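Engineer: Okay, so here is data01.txt, and as you'll see once you scroll down, it has compact mmCIF, C-alpha atoms and all ligand atoms.
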# COMPACT_ATOMS: atom_id res chain seq x y z
CA MET A 133 -50.63 44.18 -32.53
CA GLN A 134 -52.14 40.70 -32.32
CA PRO A 135 -55.62 40.32 -33.83
CA SER A 136 -58.08 39.78 -30.97
CA HIS A 137 -59.41 36.49 -32.34
CA LEU A 138 -56.03 34.95 -31.49
CA ASN A 139 -56.68 35.72 -27.82
CA PRO A 140 -60.17 34.43 -27.00
CA PRO A 141 -61.27 35.03 -23.40
CA ILE A 142 -60.22 32.57 -20.72
CA GLY A 143 -63.12 30.18 -20.19
CA SER A 144 -63.93 29.99 -23.92
CA THR A 145 -64.97 26.65 -25.36
CA ILE A 146 -63.56 25.08 -28.51
CA GLU A 147 -66.38 26.70 -30.48
CA ASP A 148 -64.95 30.14 -29.61
CA ILE A 149 -61.39 29.30 -30.65
CA ASP A 150 -60.51 30.00 -34.28
CA THR A 151 -58.86 27.38 -36.47
CA PRO A 152 -56.44 25.93 -37.25
CA CYS A 153 -54.50 25.92 -33.98
CA LEU A 154 -52.81 23.72 -31.39
CA LEU A 155 -54.85 22.55 -28.40
CA LEU A 156 -53.22 21.24 -25.24
CA ASP A 157 -55.34 19.23 -22.81
CA LEU A 158 -53.82 20.26 -19.49
CA ASP A 159 -55.08 17.29 -17.46
CA ILE A 160 -53.50 14.85 -19.91
CA PHE A 161 -50.35 16.95 -20.27
CA GLU A 162 -49.89 17.07 -16.49
CA ALA A 163 -50.45 13.31 -16.23
CA ASN A 164 -47.79 12.69 -18.91
CA VAL A 165 -45.35 14.99 -17.12
CA ARG A 166 -45.98 13.18 -13.81
CA GLN A 167 -45.60 9.78 -15.48
CA ILE A 168 -42.16 10.54 -16.95
CA SER A 169 -40.97 12.47 -13.90
CA ASP A 170 -42.02 9.69 -11.49
CA TYR A 171 -40.52 7.02 -13.74
CA CYS A 172 -37.18 8.83 -13.70
CA SER A 173 -37.15 9.35 -9.95
CA SER A 174 -38.25 5.79 -9.21
CA HIS A 175 -35.21 4.61 -11.21
CA GLY A 176 -32.83 7.00 -9.46
CA LEU A 177 -32.47 9.27 -12.48
CA ALA A 178 -32.67 13.00 -12.91
CA TRP A 179 -34.92 14.30 -15.70
CA ARG A 180 -33.55 16.85 -18.15
CA PRO A 181 -36.31 16.87 -20.79
CA HIS A 182 -35.69 18.07 -24.29
CA ALA A 183 -37.39 21.45 -24.94
CA LYS A 184 -37.29 21.21 -28.73
CA SER A 185 -40.81 19.81 -28.92
CA HIS A 186 -42.43 22.75 -27.07
CA LYS A 187 -40.06 25.74 -27.26
CA CYS A 188 -42.28 27.29 -24.62
CA PRO A 189 -41.05 28.85 -21.35
CA ASP A 190 -44.46 28.33 -19.67
CA ILE A 191 -44.21 24.60 -20.33
CA ALA A 192 -40.57 24.58 -19.21
CA HIS A 193 -41.56 26.11 -15.85
CA LYS A 194 -44.38 23.58 -15.39
CA ILE A 195 -42.03 20.68 -16.06
CA ILE A 196 -39.38 22.01 -13.72
CA SER A 197 -41.96 22.44 -10.94
CA ALA A 198 -42.86 18.79 -11.55
CA GLY A 199 -39.28 17.70 -10.82
CA ALA A 200 -37.11 18.24 -13.92
CA ILE A 201 -33.61 19.50 -13.05
CA GLY A 202 -33.37 21.72 -16.12
CA LEU A 203 -33.73 21.40 -19.87
CA THR A 204 -32.03 19.93 -22.86
CA CYS A 205 -32.10 22.43 -25.73
CA ALA A 206 -31.51 21.62 -29.36
CA LYS A 207 -29.89 24.95 -30.10
CA LEU A 208 -28.16 27.86 -28.39
CA GLY A 209 -31.02 30.19 -29.41
CA GLU A 210 -33.52 27.95 -27.63
CA ALA A 211 -31.33 28.06 -24.49
CA GLU A 212 -31.13 31.87 -24.70
CA VAL A 213 -34.93 32.11 -24.68
CA MET A 214 -35.20 29.72 -21.73
CA ALA A 215 -32.50 31.62 -19.81
CA GLU A 216 -34.37 34.86 -20.40
CA ALA A 217 -37.37 33.15 -18.78
CA GLY A 218 -35.25 32.42 -15.71
CA ILE A 219 -34.18 28.81 -16.29
CA ARG A 220 -30.53 28.20 -15.41
CA ASP A 221 -29.60 24.56 -15.99
CA LEU A 222 -29.54 24.24 -19.79
CA LEU A 223 -27.82 21.53 -21.81
CA ILE A 224 -27.24 22.62 -25.42
CA ALA A 225 -27.22 19.29 -27.24
CA ASN A 226 -25.48 20.44 -30.41
CA PRO A 227 -21.79 21.34 -30.72
CA LEU A 228 -20.95 25.05 -31.00
CA ALA A 229 -18.54 25.41 -33.88
CA SER A 230 -17.92 29.13 -34.44
CA PRO A 231 -16.56 32.10 -32.45
CA ILE A 232 -19.86 33.99 -32.78
CA LYS A 233 -21.71 31.16 -31.04
CA VAL A 234 -19.09 31.01 -28.30
CA ARG A 235 -19.37 34.75 -27.70
CA ARG A 236 -23.13 34.23 -27.28
CA LEU A 237 -22.37 31.35 -24.92
CA ALA A 238 -20.15 33.62 -22.83
CA ALA A 239 -23.07 36.07 -22.54
CA LEU A 240 -25.44 33.22 -21.65
CA ARG A 241 -23.02 32.08 -18.94
CA GLU A 242 -23.54 35.44 -17.22
CA VAL A 243 -27.21 34.66 -16.56
CA ALA A 244 -27.39 30.84 -16.61
CA ASP A 245 -25.36 27.69 -16.05
CA PRO A 246 -25.28 26.13 -19.52
CA ILE A 247 -23.67 22.84 -20.49
CA VAL A 248 -22.21 22.50 -23.97
CA LEU A 249 -21.41 19.46 -26.03
CA VAL A 250 -18.16 18.57 -27.79
CA ASP A 251 -16.96 15.57 -29.77
CA HIS A 252 -13.63 16.87 -31.12
CA ALA A 253 -10.52 18.68 -29.88
CA ASP A 254 -11.34 21.50 -32.32
CA HIS A 255 -14.52 22.28 -30.33
CA VAL A 256 -12.38 22.65 -27.22
CA GLY A 257 -10.08 25.05 -29.09
CA ILE A 258 -13.00 27.14 -30.38
CA LEU A 259 -14.56 27.33 -26.88
CA ALA A 260 -11.28 28.13 -25.14
CA ALA A 261 -10.47 30.93 -27.61
CA SER A 262 -13.57 32.99 -26.75
CA LEU A 263 -14.57 32.04 -23.19
CA PRO A 264 -13.16 33.89 -20.20
CA PRO A 265 -11.49 31.47 -17.74
CA SER A 266 -13.13 33.37 -14.85
CA ARG A 267 -16.51 31.63 -15.33
CA PRO A 268 -15.88 28.07 -16.55
CA VAL A 269 -18.57 26.46 -18.70
CA ARG A 270 -19.60 22.86 -18.10
CA VAL A 271 -18.89 20.48 -20.99
CA LEU A 272 -20.26 17.05 -21.88
CA ILE A 273 -18.60 14.81 -24.44
CA GLU A 274 -21.03 13.29 -26.92
CA ILE A 275 -20.33 9.60 -27.48
CA ASP A 276 -21.46 7.86 -30.65
CA ILE A 277 -23.44 4.95 -29.22
CA GLY A 278 -24.42 3.63 -32.63
CA MET A 279 -26.54 6.41 -34.11
CA ASN A 280 -23.75 7.51 -36.47
CA ARG A 281 -24.61 11.17 -36.02
CA CYS A 282 -22.29 13.27 -33.82
CA GLY A 283 -20.06 11.68 -31.22
CA VAL A 284 -16.55 10.55 -30.42
CA GLN A 285 -15.96 6.82 -30.14
CA PRO A 286 -16.53 5.34 -26.66
CA GLY A 287 -13.64 4.42 -24.34
CA GLY A 288 -10.10 5.64 -25.10
CA PRO A 289 -10.92 8.48 -27.56
CA ALA A 290 -13.45 9.91 -25.09
CA VAL A 291 -10.92 9.73 -22.25
CA THR A 292 -8.32 11.60 -24.35
CA LEU A 293 -10.85 14.35 -25.10
CA ALA A 294 -11.89 14.54 -21.42
CA GLN A 295 -8.22 14.99 -20.44
CA LEU A 296 -7.97 17.92 -22.85
CA ILE A 297 -11.15 19.51 -21.42
CA ALA A 298 -9.97 18.98 -17.85
CA ALA A 299 -6.73 20.80 -18.74
CA THR A 300 -8.56 23.81 -20.24
CA PRO A 301 -9.18 26.57 -17.67
CA ALA A 302 -12.35 28.01 -19.29
CA LEU A 303 -14.02 24.58 -19.26
CA GLU A 304 -15.24 22.16 -16.62
CA PHE A 305 -15.60 18.52 -17.68
CA ALA A 306 -19.10 17.50 -16.52
CA GLY A 307 -19.65 14.10 -18.13
CA ILE A 308 -20.84 12.28 -21.23
CA MET A 309 -24.00 11.82 -23.25
CA GLY A 310 -25.27 9.65 -26.06
CA TYR A 311 -28.58 9.24 -27.86
CA GLU A 312 -30.06 5.87 -28.77
CA GLY A 313 -32.25 7.46 -31.45
CA HIS A 314 -31.48 4.72 -33.98
CA LEU A 315 -33.21 2.13 -31.77
CA LEU A 316 -36.55 3.78 -30.96
CA MET A 317 -38.45 1.93 -33.67
CA VAL A 318 -36.95 -1.55 -33.30
CA GLU A 319 -40.08 -3.68 -33.66
CA ASP A 320 -39.28 -6.74 -31.55
CA PRO A 321 -39.38 -5.81 -27.82
CA THR A 322 -36.63 -8.25 -26.83
CA GLU A 323 -34.34 -7.05 -29.61
CA LYS A 324 -35.10 -3.42 -28.70
CA GLN A 325 -34.25 -4.07 -25.07
CA GLN A 326 -31.00 -5.91 -25.94
CA ARG A 327 -29.78 -3.33 -28.44
CA ILE A 328 -30.52 -0.43 -26.08
CA ALA A 329 -28.67 -2.25 -23.29
CA ALA A 330 -25.65 -2.67 -25.59
CA SER A 331 -25.83 0.93 -26.79
CA ILE A 332 -26.18 2.52 -23.34
CA GLY A 333 -23.55 0.01 -22.16
CA LEU A 334 -21.04 2.00 -24.26
CA LEU A 335 -21.73 5.02 -22.06
CA ALA A 336 -21.30 2.94 -18.90
CA GLU A 337 -17.99 1.54 -20.24
CA THR A 338 -16.76 5.02 -21.05
CA LYS A 339 -17.64 6.26 -17.58
CA LEU A 340 -15.65 3.36 -16.12
CA ALA A 341 -12.65 4.24 -18.33
CA LEU A 342 -12.90 7.86 -17.13
CA ASP A 343 -13.08 6.72 -13.48
CA GLU A 344 -10.01 4.56 -14.01
CA SER A 345 -8.16 7.57 -15.48
CA GLY A 346 -9.06 9.61 -12.41
CA ILE A 347 -11.46 11.94 -14.27
CA PRO A 348 -14.75 12.40 -12.38
CA CYS A 349 -17.80 12.01 -14.63
CA PRO A 350 -20.84 13.29 -12.72
CA ILE A 351 -23.30 13.29 -15.65
CA VAL A 352 -24.20 10.36 -17.91
CA SER A 353 -27.13 11.52 -20.04
CA ALA A 354 -29.26 9.77 -22.70
CA GLY A 355 -32.80 8.77 -23.51
CA GLY A 356 -35.63 9.76 -25.82
CA THR A 357 -39.37 9.34 -25.35
CA GLY A 358 -39.47 6.47 -27.83
CA SER A 359 -37.34 4.31 -25.53
CA PHE A 360 -37.37 5.97 -22.11
CA GLU A 361 -38.91 3.06 -20.22
CA ILE A 362 -36.12 0.73 -21.40
CA THR A 363 -33.27 3.25 -21.32
CA ALA A 364 -34.02 4.20 -17.70
CA LEU A 365 -33.35 0.60 -16.64
CA GLN A 366 -29.76 0.60 -17.90
CA PRO A 367 -26.98 0.85 -15.32
CA GLY A 368 -24.62 3.82 -15.33
CA LEU A 369 -27.03 6.56 -16.44
CA THR A 370 -27.61 9.58 -14.23
CA GLU A 371 -30.30 11.38 -16.23
CA LEU A 372 -32.87 11.06 -19.01
CA GLN A 373 -33.58 13.56 -21.80
CA ALA A 374 -37.03 12.31 -22.95
CA GLY A 375 -39.13 15.37 -23.78
CA GLY A 376 -41.77 14.98 -26.50
CA GLY A 377 -43.71 12.46 -24.42
CA ILE A 378 -45.30 15.33 -22.52
CA PHE A 379 -47.48 15.76 -25.65
CA MET A 380 -47.45 12.20 -27.02
CA ASP A 381 -48.12 11.45 -30.67
CA LEU A 382 -48.63 8.65 -33.17
CA LEU A 383 -44.92 8.15 -33.83
CA TYR A 384 -44.29 7.35 -30.17
CA ARG A 385 -47.41 5.18 -29.86
CA GLU A 386 -47.53 3.30 -33.15
CA LEU A 387 -43.87 3.08 -34.17
CA CYS A 388 -42.04 3.22 -30.81
CA HIS A 389 -44.76 1.33 -28.85
CA VAL A 390 -44.90 3.75 -25.90
CA ASP A 391 -48.20 2.90 -24.19
CA CYS A 392 -47.94 4.65 -20.81
CA LEU A 393 -48.62 8.20 -22.09
CA ASP A 394 -51.77 9.71 -23.58
CA TYR A 395 -52.43 12.21 -26.38
CA ALA A 396 -52.37 15.69 -24.81
CA LEU A 397 -51.75 17.69 -27.99
CA THR A 398 -54.19 17.95 -30.88
CA ILE A 399 -54.70 20.21 -33.85
CA LEU A 400 -58.06 21.93 -33.96
CA ALA A 401 -59.33 22.30 -37.53
CA ALA A 402 -62.65 23.17 -39.18
CA VAL A 403 -64.41 21.57 -42.11
CA THR A 404 -64.49 24.22 -44.84
CA SER A 405 -65.97 22.28 -47.76
CA ARG A 406 -67.93 19.09 -48.53
CA PRO A 407 -67.43 18.74 -52.29
CA ALA A 408 -68.52 15.06 -52.35
CA ALA A 409 -70.33 12.61 -50.07
CA ASP A 410 -67.09 10.77 -49.37
CA ARG A 411 -64.87 13.87 -49.09
CA ALA A 412 -64.49 16.64 -46.52
CA ILE A 413 -61.95 19.45 -46.70
CA ILE A 414 -60.41 21.04 -43.60
CA ASP A 415 -58.46 24.28 -43.12
CA ALA A 416 -55.33 22.44 -41.99
CA GLY A 417 -52.70 21.09 -44.35
CA ARG A 418 -48.95 20.71 -44.39
CA LYS A 419 -48.40 24.21 -43.00
CA THR A 420 -50.45 23.22 -39.93
CA MET A 421 -49.29 19.65 -39.31
CA ASN A 422 -46.51 17.32 -40.34
CA GLN A 423 -46.92 13.89 -41.89
CA GLU A 424 -43.29 12.91 -42.39
CA MET A 425 -42.95 10.46 -39.49
CA HIS A 426 -46.58 9.28 -39.27
CA ILE A 427 -49.81 10.42 -40.91
CA PRO A 428 -51.96 12.34 -38.38
CA GLU A 429 -55.32 10.83 -37.35
CA ILE A 430 -58.72 12.31 -36.54
CA LYS A 431 -59.46 11.99 -32.82
CA GLY A 432 -62.56 10.05 -31.85
CA ARG A 433 -63.93 9.69 -35.40
CA ASP A 434 -64.06 6.22 -36.96
CA ASP A 435 -65.82 7.70 -39.99
CA LEU A 436 -62.95 9.96 -41.09
CA ARG A 437 -59.37 9.50 -42.19
CA ILE A 438 -56.80 11.87 -43.61
CA LYS A 439 -56.37 11.08 -47.28
CA GLY A 440 -53.90 13.79 -48.19
CA LEU A 441 -52.52 17.17 -47.24
CA SER A 442 -51.68 20.08 -49.47
CA ALA A 443 -50.25 23.33 -48.15
CA GLU A 444 -53.41 24.79 -46.59
CA HIS A 445 -56.02 22.10 -47.22
CA GLY A 446 -56.50 18.71 -45.65
CA VAL A 447 -58.49 16.16 -47.60
CA LEU A 448 -60.49 13.74 -45.44
CA GLU A 449 -62.13 10.57 -46.66
CA VAL A 450 -65.59 9.96 -45.20
CA THR A 451 -65.49 6.19 -44.80
CA SER A 452 -69.02 5.72 -43.39
CA GLY A 453 -72.15 7.69 -42.56
CA PRO A 454 -72.94 11.27 -43.52
CA GLY A 455 -69.60 12.73 -42.35
CA PRO A 456 -69.09 16.19 -40.85
CA ARG A 457 -71.01 19.31 -41.84
CA ILE A 458 -69.37 22.48 -43.14
CA GLY A 459 -68.16 24.49 -40.14
CA GLU A 460 -67.81 21.45 -37.86
CA LYS A 461 -64.66 21.38 -35.77
CA ILE A 462 -62.49 18.30 -35.51
CA GLN A 463 -59.40 17.43 -33.51
CA ILE A 464 -56.40 15.74 -35.06
CA ILE A 465 -53.72 13.71 -33.27
CA PRO A 466 -50.30 14.76 -34.60
CA GLY A 467 -48.11 12.23 -36.41
CA TYR A 468 -45.05 13.73 -34.71
CA GLY A 469 -45.59 16.54 -32.20
CA ASP A 470 -42.04 17.83 -32.51
CA PHE A 471 -42.40 18.69 -36.22
CA THR A 472 -45.96 20.01 -35.70
CA THR A 473 -45.68 22.44 -32.78
CA VAL A 474 -43.03 24.51 -34.54
CA LEU A 475 -45.54 25.41 -37.25
CA HIS A 476 -47.54 27.38 -34.64
CA ASP A 477 -47.17 30.45 -32.43
CA ARG A 478 -49.19 29.41 -29.40
CA PHE A 479 -50.73 26.55 -27.45
CA TYR A 480 -54.40 26.97 -26.51
CA CYS A 481 -54.54 25.16 -23.17
CA LEU A 482 -57.84 23.59 -22.14
CA ARG A 483 -59.12 21.98 -18.99
CA ASN A 484 -62.49 20.24 -19.03
CA GLY A 485 -63.14 21.78 -22.44
CA ARG A 486 -62.55 25.38 -21.32
CA LEU A 487 -59.65 27.64 -22.24
CA GLU A 488 -57.39 28.06 -19.20
CA ALA A 489 -54.29 29.69 -20.72
CA ILE A 490 -52.55 30.61 -23.97
CA TRP A 491 -48.86 29.79 -23.99
CA PRO A 492 -46.58 31.19 -26.72
CA LEU A 493 -43.85 29.14 -28.38
CA THR A 494 -41.38 31.90 -27.68
CA ALA A 495 -38.37 29.95 -28.96
CA ARG A 496 -40.05 29.00 -32.22
CA GLY A 497 -37.80 29.95 -35.09
CA ARG A 498 -34.73 30.05 -32.83
CA LEU A 499 -32.77 27.62 -34.93
CA ASP A 500 -29.61 29.65 -34.36
C1 LIG A 601 -29.92 14.48 -28.18
C2 LIG A 601 -31.34 14.03 -28.11
N1 LIG A 601 -31.81 13.57 -26.93
C3 LIG A 601 -33.08 13.15 -26.80
C4 LIG A 601 -33.94 13.19 -27.87
C5 LIG A 601 -35.34 12.68 -27.67
O1 LIG A 601 -36.27 13.68 -27.69
P1 LIG A 601 -37.82 13.34 -27.50
O2 LIG A 601 -37.96 12.68 -26.19
O3 LIG A 601 -38.46 14.68 -27.55
O4 LIG A 601 -38.23 12.44 -28.62
C6 LIG A 601 -33.51 13.65 -29.11
C7 LIG A 601 -34.42 13.69 -30.24
O5 LIG A 601 -34.15 14.07 -31.35
C8 LIG A 601 -32.17 14.09 -29.24
O6 LIG A 601 -31.68 14.52 -30.41
Would you give me this structure, written as structure tokens?
Ligand SMILES: Cc1ncc(COP(=O)(O)O)c(C=O)c1O
Structural biologist:
Amino acid sequence: MQPSHLNPPIGSTIEDIDTPCLLLDLDIFEANVRQISDYCSSHGLAWRPHAKSHKCPDIAHKIISAGAIGLTCAKLGEAEVMAEAGIRDLLIANPLASPIKVRRLAALREVADPIVLVDHADHVGILAASLPPSRPVRVLIEIDIGMNRCGVQPGGPAVTLAQLIAATPALEFAGIMGYEGHLLMVEDPTEKQQRIAASIGLLAETKLALDESGIPCPIVSAGGTGSFEITALQPGLTELQAGGGIFMDLLYRELCHVDCLDYALTILAAVTSRPAADRAIIDAGRKTMNQEMHIPEIKGRDDLRIKGLSAEHGVLEVTSGPGPRIGEKIQIIPGYGDFTTVLHDRFYCLRNGRLEAIWPLTARGRLD
């Protein structure tokens, strides 16, 4: 049974919510969702946002009602949770490389319309060995557009793989995808724009090669939050995967220079100790927030900065004035939302400072 303090009454204020926890400002969240959704539609693109940053079926349903066509999922387990919540169009953006996974995919296909990713003929063999031909599964080929992670080379090698997929009865070739993740933090805006154009251009070239070989390629998918405004302008794409921008964080703002979205997600923490005039300790450390991509910052407080995090303590420097009192609550903007949300079980959703809903991260821990 859940302790009752984890479920404060709807209408509670921040003072009635225990710490540390994740807060989601619904007005800002909804504005971010609208911003990305409208940007996609005004550029003729579908939106298939990544769910890895929220892992939350309630959020998935909100985003789909705002115009998303489905979800991108990092893992099969994430897709299984979303399918259980009634979402059908699910791209699993990680190759499935074992019979056990493919058997799970076959079960998922009974209740949803998943898309899987391949970048090698061996993936096709593994899929074909355990999928019934009666209900073909859609397949995208991942193209390496410069990230040097997964992906077959653009052009000829992708066409050869597409021919193999098209000839496999249990599979339906649905298109290609790439991820320009290596370019999100290019500092100079002109260089960023040019390198993204070249990178996404490899997808457009590959689609052309497929067209010329007589293989229809309905989906061309790419795009992260850190580059979505530039990526959406590139010819040849049919959809964008940007997801984490619904929350926004310091990585996207400070390192990727995304200015059109606002901070919807914060960490609520409480000051637990004031051992020195220039030091305050909070009940939120590395097990509450992540500092790998960018150090988190205190919201609306010029007098405080995070000096260091240990497992369950955060050490704040009081840079001016008296600083916070013991028991005072503070909000922290995450360095990277994606690595922060997965440390928590639920989002406490506020509107105008009042608790409106509590949404569980049901797919948290589904790394399988
Ligand atoms: C395949 C893929 N697409 C898109 C993204 C972008 O996700 P987000 O918009 O949440 O940063 C990622 C991030 O890791 C990814 O791996």
Engineer: Could you check how far CA of Ile160 (chain A) sits from CA of Ala396 (chain A), in Å to one decimal?
Structural biologist: 5.1 Å
Engineer: Output the neighbourhood of ligand LIG 601 (chain A) as a VMD selection string, that is, all protein and nucleic acid residues with some atom at most 6 Å from the ligand, counting all atoms listed in the file.
Structural biologist: chain A and resid 182 185 225 311 355 to 357 373 to 376
Engineer: Using all atoms listed in the file, collect all residues at a distance of at most 7 Å from (-32.0, 11.0, -17.8) as written in the file, then present them as a ChimeraX atom specification.
Structural biologist: /A:172,177-180,353-355,369-373
Engineer: Considering all atoms listed in the file, return as a list in words whatever protein or nucleic-acid residues lie within 9 Å of region 333-340 of chain A, sequence-local ones (same chain, fewer than 6 positions apart) excluded.
Structural biologist: Ile275, Asp276, Ile277, Pro286, Gly287, Gly288, Ala290, Val291, Gly307, Ile308, Met309, Gly310, Pro348, Cys349, Val352, Ser353, Ala354, Gln366, Pro367, Gly368 and Leu369 of chain A
Engineer: Find the spatial neighbours of Ile149 (chain A), counting only C-alpha atoms, within a cut-off of 9 Å - ignore same-chain residues fewer than 2 positions away - and output them as a list of chain:residue names.
Structural biologist: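 Contacts, with the query itself left out: A:His137, A:Leu138, A:Asn139, A:Pro140, A:Ser144, A:Thr145, A:Ile146, A:Glu147, A:Thr151, A:Pro152, A:Cys153, A:Leu400, A:Tyr480, A:Leu487.
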Engineer: Work out how far apart CA of Val243 (chain A) and CA of Ala299 (chain A) are and give it in Å to one decimal.
Structural biologist: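 Distance reported for this atom pair: 24.8 Å.
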Engineer: What does the structure give for the distance between CA of Glu210 (chain A) and CA of Pro301 (chain A), in Å to one decimal?
Structural biologist: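 Atom-to-atom, CA of Glu210 (chain A) to CA of Pro301 (chain A), that is 26.3 Å.
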Engineer: Measuring atom to atom with only C-alpha atoms, identify which of A:Cys481, A:Lys233, A:Lys439, A:Asp410 is nearest to Thr451 (chain A).
Structural biologist: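 Of all the options, A:Asp410 lies closest to Thr451 (chain A).
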Engineer: Could you give me, as a list in words, the residues within 9 Å of His193 (chain A), counting all atoms listed in the file and dropping anything in the same chain fewer than 6 positions from it?
Structural biologist: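 That gives Ala217, Gly218 and Ile219 of chain A.
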Engineer: As a CSV table (one decimal) with C-alpha atoms, in the frame of the given file, please: the residues near Tyr395 (chain A) (cut-off 10 Å, only C-alpha atoms, same-chain neighbours under 5 positions excluded).
Structural biologist:
chain,number,residue,atom,x,y,z
A,156,LEU,CA,-53.2,21.2,-25.2
A,157,ASP,CA,-55.3,19.2,-22.8
A,160,ILE,CA,-53.5,14.8,-19.9
A,161,PHE,CA,-50.4,17.0,-20.3
A,164,ASN,CA,-47.8,12.7,-18.9
A,377,GLY,CA,-43.7,12.5,-24.4
A,378,ILE,CA,-45.3,15.3,-22.5
A,379,PHE,CA,-47.5,15.8,-25.6
A,380,MET,CA,-47.4,12.2,-27.0
A,381,ASP,CA,-48.1,11.4,-30.7
A,382,LEU,CA,-48.6,8.6,-33.2
A,385,ARG,CA,-47.4,5.2,-29.9
A,431,LYS,CA,-59.5,12.0,-32.8
A,465,ILE,CA,-53.7,13.7,-33.3
A,466,PRO,CA,-50.3,14.8,-34.6
A,469,GLY,CA,-45.6,16.5,-32.2
Engineer: Which residues are close to Leu475 (chain A), i.e. within 7 Å by all atoms listed in the file, leaving aside same-chain residues fewer than 2 positions away? Reply as an NGL selection string.
Structural biologist: :A and (419-420 or 472-473)
Engineer: Would you mind telling me which residue in A:Ile458, A:Ala408, A:Leu228, A:Ile430 lies nearest to Gly257 (chain A) when using all atoms listed in the file?
Structural biologist: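 The shortest atom-to-atom distance to Gly257 (chain A) comes from A:Leu228.
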Engineer: May I ask which of the residues A:Ala443, A:Leu316, A:Val248, A:Leu393 is the closest one to Ile168 (chain A), counting only C-alpha atoms?
Structural biologist: A:Leu393
Engineer: Enumerate, as number ranges by chain, the protein, DNA and RNA residues whose atoms approach (-33.4, -3.6, -26.9) to within 10 Å, taking into account all atoms listed in the file and the coordinate frame of the file.
Structural biologist: A: 315-316, 318-331, 359, 362-363
